[in-house]
>>> print(open('work37.cif').read())   # mmCIF, C-alpha atoms
data_start
#
loop_
_atom_site.group_PDB
_atom_site.id
_atom_site.type_symbol
_atom_site.label_atom_id
_atom_site.label_comp_id
_atom_site.auth_asym_id
_atom_site.auth_seq_id
_atom_site.Cartn_x
_atom_site.Cartn_y
_atom_site.Cartn_z
ATOM 1 C CA MET X 1 -5.450 -28.983 5.410
ATOM 2 C CA ASN X 2 -6.911 -28.392 1.959
ATOM 3 C CA LYS X 3 -4.983 -26.239 -0.476
ATOM 4 C CA VAL X 4 -5.648 -22.523 -0.322
ATOM 5 C CA ASP X 5 -5.549 -20.526 -3.559
ATOM 6 C CA THR X 6 -3.956 -17.270 -2.473
ATOM 7 C CA ARG X 7 -3.899 -15.682 -5.949
ATOM 8 C CA ILE X 8 -7.210 -13.933 -5.232
ATOM 9 C CA LEU X 9 -5.541 -12.138 -2.329
ATOM 10 C CA GLN X 10 -3.240 -10.292 -4.735
ATOM 11 C CA SER X 11 -6.180 -8.249 -6.032
ATOM 12 C CA THR X 12 -7.470 -6.973 -2.709
ATOM 13 C CA ARG X 13 -8.195 -3.285 -2.240
ATOM 14 C CA PRO X 14 -6.210 -1.274 0.303
ATOM 15 C CA ASN X 15 -7.777 -0.454 3.686
ATOM 16 C CA THR X 16 -10.443 -3.138 3.392
ATOM 17 C CA ALA X 17 -11.514 -6.075 5.535
ATOM 18 C CA TYR X 18 -12.744 -9.415 4.260
ATOM 19 C CA ILE X 19 -14.526 -12.363 5.875
ATOM 20 C CA ALA X 20 -13.438 -15.902 5.039
ATOM 21 C CA ILE X 21 -16.266 -18.300 5.888
ATOM 22 C CA ILE X 22 -14.822 -21.658 6.930
ATOM 23 C CA ASP X 23 -17.019 -24.760 6.551
ATOM 24 C CA ASN X 24 -16.141 -26.512 9.786
ATOM 25 C CA ILE X 25 -19.515 -28.279 9.875
ATOM 26 C CA ASN X 26 -18.947 -30.586 6.900
ATOM 27 C CA ASN X 27 -15.128 -30.544 7.026
ATOM 28 C CA LYS X 28 -12.697 -30.916 9.898
ATOM 29 C CA PHE X 29 -10.942 -27.565 10.423
ATOM 30 C CA THR X 30 -8.167 -27.294 12.996
ATOM 31 C CA GLU X 31 -5.696 -25.028 11.199
ATOM 32 C CA GLU X 32 -7.125 -21.537 11.818
ATOM 33 C CA LYS X 33 -3.766 -20.124 12.969
ATOM 34 C CA LYS X 34 -2.025 -21.525 9.897
ATOM 35 C CA VAL X 35 -4.693 -20.074 7.586
ATOM 36 C CA ASN X 36 -4.349 -16.655 9.240
ATOM 37 C CA VAL X 37 -0.571 -16.777 8.676
ATOM 38 C CA ILE X 38 -1.123 -17.602 4.986
ATOM 39 C CA PHE X 39 -3.508 -14.651 4.675
ATOM 40 C CA LYS X 40 -1.017 -12.273 6.339
ATOM 41 C CA GLU X 41 1.803 -13.458 4.055
ATOM 42 C CA ASN X 42 -0.233 -12.759 0.931
ATOM 43 C CA THR X 43 -2.090 -9.507 1.616
ATOM 44 C CA ASP X 44 -2.077 -6.432 3.827
ATOM 45 C CA SER X 45 -5.879 -6.508 4.016
ATOM 46 C CA LYS X 46 -7.538 -7.718 7.201
ATOM 47 C CA ILE X 47 -9.158 -11.126 6.724
ATOM 48 C CA ILE X 48 -11.424 -12.438 9.464
ATOM 49 C CA THR X 49 -11.959 -16.209 9.593
ATOM 50 C CA LEU X 50 -15.545 -17.035 10.484
ATOM 51 C CA PRO X 51 -16.367 -20.690 11.193
ATOM 52 C CA ALA X 52 -19.729 -21.763 9.792
ATOM 53 C CA SER X 53 -20.613 -23.342 13.150
ATOM 54 C CA ILE X 54 -20.695 -19.858 14.709
ATOM 55 C CA MET X 55 -22.932 -18.576 11.902
ATOM 56 C CA LYS X 56 -25.246 -21.538 12.397
ATOM 57 C CA ASP X 57 -25.997 -20.308 15.917
ATOM 58 C CA ASN X 58 -26.276 -16.648 14.908
ATOM 59 C CA VAL X 59 -27.702 -16.217 11.400
ATOM 60 C CA LYS X 60 -27.540 -12.419 11.689
ATOM 61 C CA LEU X 61 -23.725 -12.307 11.721
ATOM 62 C CA LEU X 62 -23.529 -11.296 8.059
ATOM 63 C CA SER X 63 -26.509 -8.968 8.165
ATOM 64 C CA ASN X 64 -26.423 -5.239 8.795
ATOM 65 C CA GLU X 65 -28.038 -5.742 12.178
ATOM 66 C CA PRO X 66 -25.877 -5.221 15.290
ATOM 67 C CA VAL X 67 -24.427 -8.385 16.816
ATOM 68 C CA ILE X 68 -22.069 -9.236 19.657
ATOM 69 C CA GLN X 69 -18.359 -8.679 18.849
ATOM 70 C CA LEU X 70 -16.621 -12.025 18.099
ATOM 71 C CA SER X 71 -13.143 -11.206 19.326
#
>>> encode(input="work37.cif", output="C-alpha coordinates")
Amino acid sequence: MNKVDTRILQSTRPNTAYIAIIDNINNKFTEEKKVNVIFKENTDSKIITLPASIMKDNVKLLSNEPVIQLS
(Lines of atoms letter the chains of each structure in order from A and count residues from 1; the text may use other names and numbers.)
(Lines give C-alpha, C1' and ligand atoms only; values in the text may rest on other atoms or scores of the structure.)
Protein backbone atom coordinates (compact mmCIF):
# COMPACT_ATOMS: atom_id res chain seq x y z
CA MET A 1 0.00 0.00 0.00
CA ASN A 2 1.25 3.50 -0.79
CA LYS A 3 1.72 5.93 2.06
CA VAL A 4 -1.29 7.98 3.04
CA ASP A 5 -0.75 11.55 4.24
CA THR A 6 -3.34 11.90 6.98
CA ARG A 7 -2.36 15.46 7.99
CA ILE A 8 -5.06 16.88 5.70
CA LEU A 9 -7.66 15.00 7.73
CA GLN A 10 -6.87 17.14 10.79
CA SER A 11 -8.44 20.17 9.12
CA THR A 12 -11.79 18.65 8.23
CA ARG A 13 -15.00 20.45 9.12
CA PRO A 14 -17.45 18.88 11.56
CA ASN A 15 -20.58 17.15 10.23
CA THR A 16 -19.21 16.82 6.71
CA ALA A 17 -18.68 13.93 4.32
CA TYR A 18 -15.81 13.56 1.88
CA ILE A 19 -15.16 11.31 -1.11
CA ALA A 20 -11.73 9.75 -1.58
CA ILE A 21 -11.32 8.72 -5.22
CA ILE A 22 -9.06 5.67 -5.43
CA ASP A 23 -7.20 5.03 -8.71
CA ASN A 24 -7.64 1.28 -8.92
CA ILE A 25 -7.38 1.36 -12.72
CA ASN A 26 -3.70 2.30 -12.96
CA ASN A 27 -2.69 1.00 -9.51
CA LYS A 28 -3.46 -2.23 -7.71
CA PHE A 29 -5.72 -1.44 -4.74
CA THR A 30 -6.68 -4.21 -2.33
CA GLU A 31 -6.52 -2.39 1.00
CA GLU A 32 -9.88 -0.58 1.16
CA LYS A 33 -10.63 -1.81 4.70
CA LYS A 34 -7.21 -0.69 5.91
CA VAL A 35 -7.65 2.74 4.31
CA ASN A 36 -11.07 3.14 5.95
CA VAL A 37 -9.53 2.31 9.35
CA ILE A 38 -6.83 4.95 8.79
CA PHE A 39 -9.50 7.52 7.93
CA LYS A 40 -11.54 6.66 11.06
CA GLU A 41 -8.44 6.93 13.27
CA ASN A 42 -7.64 10.41 11.99
CA THR A 43 -10.99 12.18 11.65
CA ASP A 44 -14.60 12.06 12.80
CA SER A 45 -15.78 13.09 9.33
CA LYS A 46 -17.33 10.48 7.06
CA ILE A 47 -15.01 9.57 4.18
CA ILE A 48 -16.39 7.45 1.36
CA THR A 49 -13.85 5.53 -0.74
CA LEU A 50 -14.85 5.54 -4.39
CA PRO A 51 -12.84 3.32 -6.75
CA ALA A 52 -12.18 4.93 -10.13
CA SER A 53 -13.34 1.74 -11.87
CA ILE A 54 -16.87 2.38 -10.58
CA MET A 55 -16.75 5.98 -11.82
CA LYS A 56 -15.56 4.77 -15.21
CA ASP A 57 -18.84 2.88 -15.64
CA ASN A 58 -20.99 5.70 -14.25
CA VAL A 59 -19.58 9.14 -15.07
CA LYS A 60 -22.50 10.87 -13.32
CA LEU A 61 -21.48 9.68 -9.84
CA LEU A 62 -19.92 13.03 -8.94
CA SER A 63 -22.58 15.13 -10.64
CA ASN A 64 -25.67 16.57 -9.01
CA GLU A 65 -27.85 14.16 -10.95
CA PRO A 66 -29.50 11.30 -9.03
CA VAL A 67 -27.68 7.96 -9.20
CA ILE A 68 -28.10 4.52 -7.67
CA GLN A 69 -26.93 4.27 -4.03
CA LEU A 70 -23.50 2.54 -3.83
CA SER A 71 -23.83 0.89 -0.45
>>> axis_aligned_box(input="work37.cif", around="stretch 20-34 of chain X", padding_each_side="3 Å", output="lines of an AutoDock Vina configuration file")
center_x = -10.8
center_y = -23.4
center_z = 9.0
size_x = 23.5
size_y = 21.0
size_z = 14.0
>>> residues_around(input="work37.cif", residues="X:Ile54", least_positions_apart="5", cutoff="12 Å", atoms="only C-alpha atoms", output="list in words")
Ile21, Ile22, Asp23, Asn24, Ile25, Thr49, Val59, Lys60, Leu61, Leu62, Ile68 and Leu70 of chain X
>>> atom_distance(input="work37.cif", atom1="atom CA of X:Pro14", atom2="atom CA of X:Thr43")
9.3 Å
>>> atom_distance(input="work37.cif", atom1="atom CA of X:Ile19", atom2="atom CA of X:Ile48")
4.7 Å
>>> closest_residue(input="work37.cif", among="X:Asn26, X:Ala20, X:Arg7, X:Met55", to="X:Glu41", atoms="only C-alpha atoms")
X:Arg7
>>> atom_distance(input="work37.cif", atom1="atom CA of X:Glu32", atom2="atom CA of X:Pro51")
9.3 Å
>>> resolve_selection(input="work37.cif", expression="the PyMOL selection byres ((chain X and resi 46) around 9)", output="PyMOL selection string")
chain X and resi 15-19+39-40+43-45+47-48
>>> closest_residue(input="work37.cif", among="X:Lys56, X:Ser63, X:Thr30, X:Leu9", to="X:Asn42", atoms="all atoms listed in the file")
X:Leu9
